[in-house]
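> Quick one: the structure is below, and I'll ask about it shortly.
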Amino acid sequence: MFCFQCQEAAKNEGCTVRGVCGKSADVANLQDLLLFLCKGISHVTVSLRKYGIEIPQINRFITDSLFMTITNANFDKNRFVTRLLMAFEMRNAARERLENAGGDIEGIVFDGACWSGETEAEISQKAFEVGVLNTEDEDIRSLRELIIYGLKGMAAYAEHAYNLGYEEEEIYAFMQRALVATTDNSLTAEELTAWVLETGKYGVQVMALLDRANTTSYGNPEITRVNLGVRNNPGILISGHDLKDMEELLKQTEGTGVDLYTHSEMLPANYYPAFKKYSHFVGNYGSSWWHQTEDFENFNGVILFTTNCIVPPRKSATYTDRVYTTGASGFEGFKHIGDRKDGKPKDFTALIEHAKKCAPPKAIESGEIVGGFAHHQVIALADKVIAALKSGDIRKFIVMGGCDGRMTGRNYYTEFAQKLPQDTVILTAGCAKYRYNKLPLGEINGIPRILDAGQCNDSYSLVKIALTLKEALGLDDVNDLPIAYNIAWYEQKAVIVLLALLHLGVKNIHLGPTLPAFLSPNVVNVLVNNFGLSGITSVDEDMELLQLST
Ligand code: SF4
Ligand code: SF3
């Protein structure tokens, strides 16, 4: 195996024996092979589109497959094997349609468009051959992988949107064209860089689509005080990002005596009007994803993963049999809830019945946190915000969104938040916020000093807020706003968020805690020279650099 897609890649170079995330070499290789087949299928569908043929089933298959390979989403070998068999079937059916349409099937030379393996030995040999290191030139490899990781993030957001009935063929078509581009040996580094930026453009589009899906379905997030304490009933803890799962679980648990709590990236579900009406929806329990090994022990009840981030339980864990996965997520040893069929909701009965037998959660915190500052809410407060900016009561906004992770160096973000001067406000989205969202940072003229827009995809809200402020202040360039960017990344959704920001022309983003292992020195140079991208240093130095020292 070789994998360097996340921030915890071994030695910041790559995992080669077993993932730091816990991914086995077998699963890593199968993921590479699935990606290879998705590229192959894309060769066929890109040609099919020339004949006006769109295969919705394949669009979703590729999207789901990319999502399943995101860090910490799915560790279940069997699910990947099943997926490969489905890939062969779909690809062969697509090939037939292309032939019937008169397409040049022979003209497709990419191996993934025709290769089939039957025995386990053939499959593992091929998996080994098609990995990341198969591209020898390190700059081309870096750019190809940057595109692919962006596409994985895009796929995650596209999947949440289609679960709510929102799809754009244009997005699927781009994903497939871009996958094909990563197999094109004739493309230069410059041409691939253009594909990277184009990926950012579609990143904005998919986040806008998901924003529309979420807010049309569940209302606009609003200022909310989220309870951190517990009640005395058995509970279900729901984690991940999928709001359709959230809705169905809320409906199915109503009146059962089982309470519902959010964990990690599901916290923003508390901000949506449609979910607030359920009296058995208690609040948020615990912290960001990697705290789950402790949080799940204490929770006592049932846990549902709707997406990443799963941490393999320790051998001594007592909660393993209480965990369920659904959608793209999976883990051998956790039970899996199947997909919706014939337009019917998922069936969460097993989970609910299981939860009824569990003890109530142990209280690990009390009090509340405030959130719900997505674009609609902040724009409703625009007059107040602009007045505070003009009077100098707010000097600067700092975008500190992104991911959390295990590295001790991430204490940087807690310290950074603590040391920020009193006349600054943090804008955040994603699970990075858990590094500082429980700090008593106070308010400025009634505006909290931490404005949480929601999940990582709600970074779109931060962009909308920035563009609204730019208009209101009569500025020509988004970089003239008093906003600094100090973003934390971990997995591939953060990659699409970053590419989306670059596409919008945002400059001088600080990215930490380390720069991605998959960026070659030359690619880093391109990003530094054209976008002013940089890593982080010490809190004090970065404060100085961002002119934030008091
Ligand atoms: Fe390593 Fe990250 Fe890949 Fe897991 S996802 S194998 S930790 S680089
Ligand atoms: Fe978090 Fe995984 Fe990235 Fe959605 S849940 S931000 S790390």
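Each chain of the structure tokens is named A, B, ... in the order shown, its residues numbered from 1; ligands are numbered from 1 in display order.
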Hey, which residues come within 6 Å of ligand 2 if we count only C-alpha atoms and all ligand atoms? Could you give them as a list in words?
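Residues lying within 6 Å of ligand 2: Glu265, Trp289, Asn308, Cys309, Gly402, Cys403, Asp404, Gly430, Cys431, Gln455, Cys456, Tyr490 and Glu491 of chain A.
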> Enumerate residues in contact with ligand 1: an atom-to-atom distance of at most 9 Å, counting only C-alpha atoms and all ligand atoms. Format the result as a ChimeraX atom specification.
/A:1-10,12-25,28,69-72,490-491,517
> Neighbouring residues of Leu48 of chain A were defined as those with any atom within 9 Å, considering only C-alpha atoms; residues of the same chain fewer than 3 positions away were excluded. Please report them as an mmCIF file with N, CA and C atoms, in the first residue's frame.

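Final output, saved to part.cif:
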```cif
data_model
loop_
_atom_site.group_PDB
_atom_site.id
_atom_site.type_symbol
_atom_site.label_atom_id
_atom_site.label_comp_id
_atom_site.auth_asym_id
_atom_site.auth_seq_id
_atom_site.Cartn_x
_atom_site.Cartn_y
_atom_site.Cartn_z
ATOM 1 N N HIS A 43 -13.937 6.947 -18.381
ATOM 2 C CA HIS A 43 -13.547 6.996 -19.800
ATOM 3 C C HIS A 43 -14.756 6.665 -20.672
ATOM 4 N N VAL A 44 -15.510 5.651 -20.251
ATOM 5 C CA VAL A 44 -16.664 5.221 -21.052
ATOM 6 C C VAL A 44 -17.791 6.257 -20.972
ATOM 7 N N THR A 45 -18.072 6.753 -19.764
ATOM 8 C CA THR A 45 -19.212 7.686 -19.647
ATOM 9 C C THR A 45 -18.913 9.031 -20.317
ATOM 10 N N TYR A 51 -22.864 11.165 -27.052
ATOM 11 C CA TYR A 51 -24.068 10.654 -27.724
ATOM 12 C C TYR A 51 -25.320 11.010 -26.909
ATOM 13 N N GLY A 52 -25.143 11.898 -25.983
ATOM 14 C CA GLY A 52 -26.284 12.343 -25.171
ATOM 15 C C GLY A 52 -26.744 11.309 -24.167
ATOM 16 N N ILE A 53 -25.870 10.330 -23.877
ATOM 17 C CA ILE A 53 -26.303 9.269 -22.940
ATOM 18 C C ILE A 53 -25.735 9.530 -21.544
ATOM 19 N N GLU A 54 -26.639 9.592 -20.584
ATOM 20 C CA GLU A 54 -26.293 9.846 -19.187
ATOM 21 C C GLU A 54 -26.768 8.621 -18.406
ATOM 22 N N ILE A 55 -25.927 8.060 -17.546
ATOM 23 C CA ILE A 55 -26.391 6.898 -16.759
ATOM 24 C C ILE A 55 -26.401 7.288 -15.275
ATOM 25 N N ALA A 94 -21.940 -0.279 -19.588
ATOM 26 C CA ALA A 94 -21.731 1.035 -20.204
ATOM 27 C C ALA A 94 -20.969 0.883 -21.520
ATOM 28 N N ARG A 95 -20.021 -0.027 -21.526
ATOM 29 C CA ARG A 95 -19.255 -0.283 -22.759
ATOM 30 C C ARG A 95 -20.201 -0.748 -23.876
ATOM 31 N N ARG A 97 -23.333 -0.118 -24.164
ATOM 32 C CA ARG A 97 -24.163 0.993 -24.653
ATOM 33 C C ARG A 97 -23.370 1.880 -25.603
ATOM 34 N N LEU A 98 -22.094 2.046 -25.279
ATOM 35 C CA LEU A 98 -21.259 2.881 -26.148
ATOM 36 C C LEU A 98 -21.097 2.217 -27.515
ATOM 37 N N ALA A 101 -24.186 2.563 -29.473
ATOM 38 C CA ALA A 101 -24.412 3.930 -29.954
ATOM 39 C C ALA A 101 -23.460 4.279 -31.107
ATOM 40 N N GLY A 103 -20.087 4.248 -30.718
ATOM 41 C CA GLY A 103 -18.896 4.900 -30.163
ATOM 42 C C GLY A 103 -17.623 4.102 -30.413
#
```
> Produce a table with one row for each residue of segment 321-399 of chain A that has an atom at most 12 Å from any atom of segment 144-161 of chain A, each row naming the nearest atom pair and its distance in Å at one decimal; use only C-alpha atoms; arrange rows by chain and rising residue number; format as a tab-separated table.

```
residue	atom	partner	partner_atom	distance
A:Gly327	CA	A:Glu159	CA	9.4
A:Ala328	CA	A:Ala156	CA	8.8
A:Ser329	CA	A:Ala156	CA	11.0
```
> Dump N, CA and C atoms for the selected residues as a PDB file, in the first residue's frame?

```pdb
ATOM      1  N   GLY A 327     -24.754   4.382   4.895  1.00  0.00           N
ATOM      2  CA  GLY A 327     -24.218   5.150   3.754  1.00  0.00           C
ATOM      3  C   GLY A 327     -22.829   4.667   3.368  1.00  0.00           C
ATOM      4  N   ALA A 328     -21.940   5.623   3.103  1.00  0.00           N
ATOM      5  CA  ALA A 328     -20.591   5.283   2.620  1.00  0.00           C
ATOM      6  C   ALA A 328     -19.704   4.730   3.732  1.00  0.00           C
ATOM      7  N   SER A 329     -20.133   4.866   4.985  1.00  0.00           N
ATOM      8  CA  SER A 329     -19.245   4.461   6.082  1.00  0.00           C
ATOM      9  C   SER A 329     -19.360   2.968   6.360  1.00  0.00           C
TER      10      SER A 329
END
```
> Skip Ile509 of chain A itself and residues of its chain fewer than 5 positions away, then list as an mmCIF file with N, CA and C atoms, in the first residue's frame all residues within 8 Å of it, counting only C-alpha atoms.

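New file result07.cif:
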```cif
data_model
loop_
_atom_site.group_PDB
_atom_site.id
_atom_site.type_symbol
_atom_site.label_atom_id
_atom_site.label_comp_id
_atom_site.auth_asym_id
_atom_site.auth_seq_id
_atom_site.Cartn_x
_atom_site.Cartn_y
_atom_site.Cartn_z
ATOM 1 N N ALA A 484 -8.600 37.232 7.772
ATOM 2 C CA ALA A 484 -7.401 36.409 7.609
ATOM 3 C C ALA A 484 -7.836 34.942 7.646
ATOM 4 N N TYR A 485 -7.069 34.080 6.981
ATOM 5 C CA TYR A 485 -7.433 32.666 6.890
ATOM 6 C C TYR A 485 -6.362 31.809 7.543
ATOM 7 N N ASN A 486 -6.744 31.109 8.594
ATOM 8 C CA ASN A 486 -5.812 30.199 9.258
ATOM 9 C C ASN A 486 -6.538 28.862 9.418
ATOM 10 N N ILE A 487 -6.413 28.036 8.376
ATOM 11 C CA ILE A 487 -7.265 26.850 8.238
ATOM 12 C C ILE A 487 -6.528 25.571 8.642
ATOM 13 N N PHE A 531 -0.795 32.053 -4.997
ATOM 14 C CA PHE A 531 -1.891 32.268 -4.035
ATOM 15 C C PHE A 531 -1.415 32.709 -2.659
ATOM 16 N N GLY A 532 -0.126 32.792 -2.473
ATOM 17 C CA GLY A 532 0.392 33.217 -1.164
ATOM 18 C C GLY A 532 0.107 32.178 -0.080
ATOM 19 N N LEU A 533 -0.154 30.922 -0.497
ATOM 20 C CA LEU A 533 -0.419 29.878 0.498
ATOM 21 C C LEU A 533 0.805 29.674 1.385
ATOM 22 N N SER A 534 0.592 29.451 2.673
ATOM 23 C CA SER A 534 1.743 29.153 3.531
ATOM 24 C C SER A 534 1.327 28.228 4.658
#
```
